[in-house]
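As structure tokens, the structure follows; a few thoughts come after it.
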Protein chains: 2
Amino acid sequence: MEACIFCKIVKGEIPCEKIYEDEDVISFLDIGPVSKGHALVVTKEHYETLLDVPEKLEKAILNAVKKVARAQSSVLGNDGFNVLFNNKKVAGQVVPHVHAHVIPRKANDGIRFEWIPRKYPGDEMKEYGNNLRKFL
Amino acid sequence: MEACIFCKIVKGEIPCEKIYEDEDVISFLDIGPVSKGHALVVTKEHYETLLDVPEKLEKAILNAVKKVARAQSSVLGNDGFNVLFNNKKVAGQVVPHVHAHVIPRKANDGIRFEWIPRKYPGDEMKEYGNNLRKFL
């Protein structure tokens with residue numbers, strides 16, 4: 001999948017704010033976060049949707065999601081989180097390479113899953129990355 | 001967890017439109033579906049959130065999610081689906097017993113994750129259940 005953005009990120013050909021990596025997956029911050037700290041967990045191998053992921057990777061994905069969520073909670077003090085897999089374009093999947101959104105949530109954060117992307121000012125994204133890496 | 005609605009559903013003390021069951025999980029239709037066919041995958045044992053689920057159940061949950069999604073696709077002809085875990089009340093978790101929402105999606109279905117529950121008229125919910133069970 002030479003044209004796939006996430007494959008390029010996995011290979012290091014496109015930079016990302018990576019916060020976790022193991023044999024099977026990587027995790028990095030979403031550049032248009034629904035809430036700050038919003039991370040993606042992405043398989044290293046290219047699969048389009050959850051339905052294409054082989055069984056052996058299912059545990060790897062959820063294990064990484066949990067690690068990331070725990071780290072978010074430690075760093076951000078959020079009280080909850082959403083884990084969302086959008087499968088196929090009609091479901092809001094923008095990059096056709098399977099990924100889990102891990103979205104930190106707080107009371108009255110105004111998020112109603114309308115997917116309005118926010119931005120990190122300046123180097124703040126890197127700071128979030130640095131803080132999160134300490135727990136991963 | 002005697003007061004837990006999902007524990008009661010698992011035990012059969014509260015009825016549900018069950019579409020799948022194995023050793024570890026059950027799946028049934030959400031009574032307030034975001035889209036028709038919207039199902040939940042629920043662990044038989046009580047755990048509050050994804051973070052509380054033991055590793056051995058992670059694969060079981062995603063396997064069931066995939067089975068349900070495939071069945072939805074076969075029955076409904078949907079072009080995609082969302083898989084969503086809401087963890088804790090601030091993240092929209094209504095029943096504090098871990099569950100995955102499996103939400104069929106179609107082009108221009110108007111869903112923007114605003115969580116406006118719809119209803120099945122008459123026995124239509126049962127019909128959806130019957131159709132889905134054929135593939136599970």
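By order in the structure tokens, chains are A, B, ...; within a chain, residues start at 1; ligands start at 1, following the order shown.
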Could you give me, as a JSON list (two decimals) with N, CA, C and O atoms, in the first residue's frame, each residue of region 10-130 of chain A that DSSP assigns to strand (DSSP E or B) when run on this structure's backbone?
[["chain", "number", "residue", "atom", "x", "y", "z"],
["A", 18, "LYS", "N", 4.29, 10.07, 17.70],
["A", 18, "LYS", "CA", 4.10, 8.68, 18.15],
["A", 18, "LYS", "C", 4.19, 8.58, 19.67],
["A", 18, "LYS", "O", 5.09, 9.16, 20.27],
["A", 19, "ILE", "N", 3.26, 7.89, 20.27],
["A", 19, "ILE", "CA", 3.32, 7.75, 21.73],
["A", 19, "ILE", "C", 3.46, 6.30, 22.17],
["A", 19, "ILE", "O", 3.70, 6.03, 23.34],
["A", 20, "TYR", "N", 3.33, 5.36, 21.23],
["A", 20, "TYR", "CA", 3.46, 3.95, 21.63],
["A", 20, "TYR", "C", 3.79, 3.11, 20.40],
["A", 20, "TYR", "O", 3.33, 3.42, 19.29],
["A", 21, "GLU", "N", 4.57, 2.08, 20.63],
["A", 21, "GLU", "CA", 4.87, 1.14, 19.54],
["A", 21, "GLU", "C", 5.18, -0.22, 20.13],
["A", 21, "GLU", "O", 5.84, -0.33, 21.16],
["A", 25, "VAL", "N", 1.52, -2.87, 16.55],
["A", 25, "VAL", "CA", 0.81, -1.61, 16.35],
["A", 25, "VAL", "C", 1.67, -0.41, 16.73],
["A", 25, "VAL", "O", 2.67, -0.55, 17.43],
["A", 26, "ILE", "N", 1.24, 0.76, 16.26],
["A", 26, "ILE", "CA", 1.79, 2.00, 16.80],
["A", 26, "ILE", "C", 0.62, 2.88, 17.24],
["A", 26, "ILE", "O", -0.53, 2.69, 16.81],
["A", 27, "SER", "N", 0.92, 3.84, 18.09],
["A", 27, "SER", "CA", -0.09, 4.82, 18.48],
["A", 27, "SER", "C", 0.50, 6.21, 18.37],
["A", 27, "SER", "O", 1.67, 6.43, 18.73],
["A", 28, "PHE", "N", -0.27, 7.11, 17.82],
["A", 28, "PHE", "CA", 0.18, 8.50, 17.69],
["A", 28, "PHE", "C", -1.00, 9.43, 17.85],
["A", 28, "PHE", "O", -2.16, 9.02, 17.75],
["A", 29, "LEU", "N", -0.71, 10.68, 18.08],
["A", 29, "LEU", "CA", -1.78, 11.66, 18.30],
["A", 29, "LEU", "C", -2.46, 12.03, 16.99],
["A", 29, "LEU", "O", -1.80, 12.25, 15.97],
["A", 39, "ALA", "N", -5.83, 10.03, 20.58],
["A", 39, "ALA", "CA", -4.79, 9.24, 19.92],
["A", 39, "ALA", "C", -5.39, 8.20, 18.98],
["A", 39, "ALA", "O", -6.56, 7.83, 19.11],
["A", 40, "LEU", "N", -4.57, 7.74, 18.07],
["A", 40, "LEU", "CA", -4.95, 6.65, 17.19],
["A", 40, "LEU", "C", -4.09, 5.43, 17.49],
["A", 40, "LEU", "O", -2.89, 5.58, 17.78],
["A", 41, "VAL", "N", -4.67, 4.27, 17.43],
["A", 41, "VAL", "CA", -3.91, 3.02, 17.48],
["A", 41, "VAL", "C", -4.05, 2.38, 16.10],
["A", 41, "VAL", "O", -5.16, 2.16, 15.63],
["A", 42, "VAL", "N", -2.90, 2.13, 15.48],
["A", 42, "VAL", "CA", -2.86, 1.73, 14.07],
["A", 42, "VAL", "C", -2.05, 0.45, 13.91],
["A", 42, "VAL", "O", -0.95, 0.34, 14.47],
["A", 43, "THR", "N", -2.56, -0.50, 13.17],
["A", 43, "THR", "CA", -1.79, -1.72, 12.91],
["A", 43, "THR", "C", -0.61, -1.41, 12.02],
["A", 43, "THR", "O", -0.68, -0.55, 11.14],
["A", 80, "GLY", "N", -13.13, 9.61, 31.62],
["A", 80, "GLY", "CA", -13.65, 8.56, 30.78],
["A", 80, "GLY", "C", -13.06, 8.69, 29.39],
["A", 80, "GLY", "O", -12.28, 9.62, 29.13],
["A", 81, "PHE", "N", -13.42, 7.76, 28.51],
["A", 81, "PHE", "CA", -12.90, 7.84, 27.14],
["A", 81, "PHE", "C", -13.79, 7.04, 26.20],
["A", 81, "PHE", "O", -14.48, 6.12, 26.61],
["A", 82, "ASN", "N", -13.74, 7.43, 24.95],
["A", 82, "ASN", "CA", -14.42, 6.68, 23.90],
["A", 82, "ASN", "C", -13.38, 5.94, 23.06],
["A", 82, "ASN", "O", -12.30, 6.47, 22.81],
["A", 83, "VAL", "N", -13.74, 4.76, 22.64],
["A", 83, "VAL", "CA", -12.93, 4.01, 21.67],
["A", 83, "VAL", "C", -13.81, 3.80, 20.45],
["A", 83, "VAL", "O", -14.89, 3.22, 20.56],
["A", 84, "LEU", "N", -13.36, 4.29, 19.33],
["A", 84, "LEU", "CA", -14.20, 4.28, 18.14],
["A", 84, "LEU", "C", -13.42, 3.78, 16.92],
["A", 84, "LEU", "O", -12.34, 4.28, 16.60],
["A", 85, "PHE", "N", -13.99, 2.78, 16.30],
["A", 85, "PHE", "CA", -13.48, 2.30, 15.01],
["A", 85, "PHE", "C", -14.49, 2.70, 13.95],
["A", 85, "PHE", "O", -15.64, 2.23, 13.98],
["A", 86, "ASN", "N", -14.11, 3.55, 13.02],
["A", 86, "ASN", "CA", -14.95, 3.87, 11.87],
["A", 86, "ASN", "C", -14.52, 2.96, 10.73],
["A", 86, "ASN", "O", -13.35, 2.97, 10.35],
["A", 87, "ASN", "N", -15.44, 2.20, 10.23],
["A", 87, "ASN", "CA", -15.11, 1.23, 9.19],
["A", 87, "ASN", "C", -15.80, 1.59, 7.89],
["A", 87, "ASN", "O", -17.03, 1.52, 7.80],
["A", 99, "HIS", "N", -7.85, 1.68, 12.23],
["A", 99, "HIS", "CA", -7.34, 2.40, 13.40],
["A", 99, "HIS", "C", -8.44, 2.63, 14.42],
["A", 99, "HIS", "O", -9.60, 2.79, 14.07],
["A", 100, "ALA", "N", -8.02, 2.63, 15.68],
["A", 100, "ALA", "CA", -8.94, 2.96, 16.78],
["A", 100, "ALA", "C", -8.68, 4.38, 17.22],
["A", 100, "ALA", "O", -7.52, 4.78, 17.41],
["A", 101, "HIS", "N", -9.74, 5.15, 17.36],
["A", 101, "HIS", "CA", -9.64, 6.46, 18.00],
["A", 101, "HIS", "C", -9.77, 6.24, 19.51],
["A", 101, "HIS", "O", -10.69, 5.55, 19.96],
["A", 102, "VAL", "N", -8.88, 6.83, 20.27],
["A", 102, "VAL", "CA", -8.99, 6.77, 21.73],
["A", 102, "VAL", "C", -9.12, 8.21, 22.20],
["A", 102, "VAL", "O", -8.17, 9.00, 22.11],
["A", 103, "ILE", "N", -10.32, 8.55, 22.66],
["A", 103, "ILE", "CA", -10.69, 9.95, 22.87],
["A", 103, "ILE", "C", -10.97, 10.22, 24.35],
["A", 103, "ILE", "O", -11.96, 9.74, 24.90],
["A", 104, "PRO", "N", -10.10, 10.98, 24.99],
["A", 104, "PRO", "CA", -10.32, 11.30, 26.41],
["A", 104, "PRO", "C", -11.55, 12.17, 26.59],
["A", 104, "PRO", "O", -11.80, 13.07, 25.80],
["A", 105, "ARG", "N", -12.30, 11.91, 27.63],
["A", 105, "ARG", "CA", -13.53, 12.66, 27.88],
["A", 105, "ARG", "C", -13.59, 13.21, 29.30],
["A", 105, "ARG", "O", -13.10, 12.58, 30.24]]
How close does each residue of region 23-136 of chain B get to region 48-64 of chain A, giving the shortest atom pair and distance in Å to one decimal for every residue with an atom at most 9 Å away, counting only C-alpha atoms, sorted by chain and residue number, as a Markdown table?
| residue | atom | partner | partner_atom | distance |
| --- | --- | --- | --- | --- |
| B:Leu50 | CA | A:Leu62 | CA | 8.7 |
| B:Glu55 | CA | A:Lys59 | CA | 7.3 |
| B:Lys56 | CA | A:Lys59 | CA | 8.3 |
| B:Leu57 | CA | A:Lys59 | CA | 8.7 |
| B:Glu58 | CA | A:Lys59 | CA | 5.6 |
| B:Lys59 | CA | A:Lys59 | CA | 5.3 |
| B:Leu62 | CA | A:Glu58 | CA | 6.5 |
| B:Asn63 | CA | A:Glu55 | CA | 7.5 |
| B:Lys66 | CA | A:Leu51 | CA | 5.9 |
| B:Lys67 | CA | A:Leu51 | CA | 8.7 |
| B:Ala69 | CA | A:Leu51 | CA | 8.1 |
| B:Arg70 | CA | A:Leu51 | CA | 7.9 |
(message) Among region 41-131 of chain B, which ones does DSSP assign to alpha helix (DSSP H) (computed from the backbone)? Answer as a PyMOL selection string.
(response) chain B and resi 55-76+124-131
(request) Could you check which of B:Gly122, B:Lys89, B:Gly77, B:Gly110 is closest to chain A, using only C-alpha atoms? (result) B:Lys89
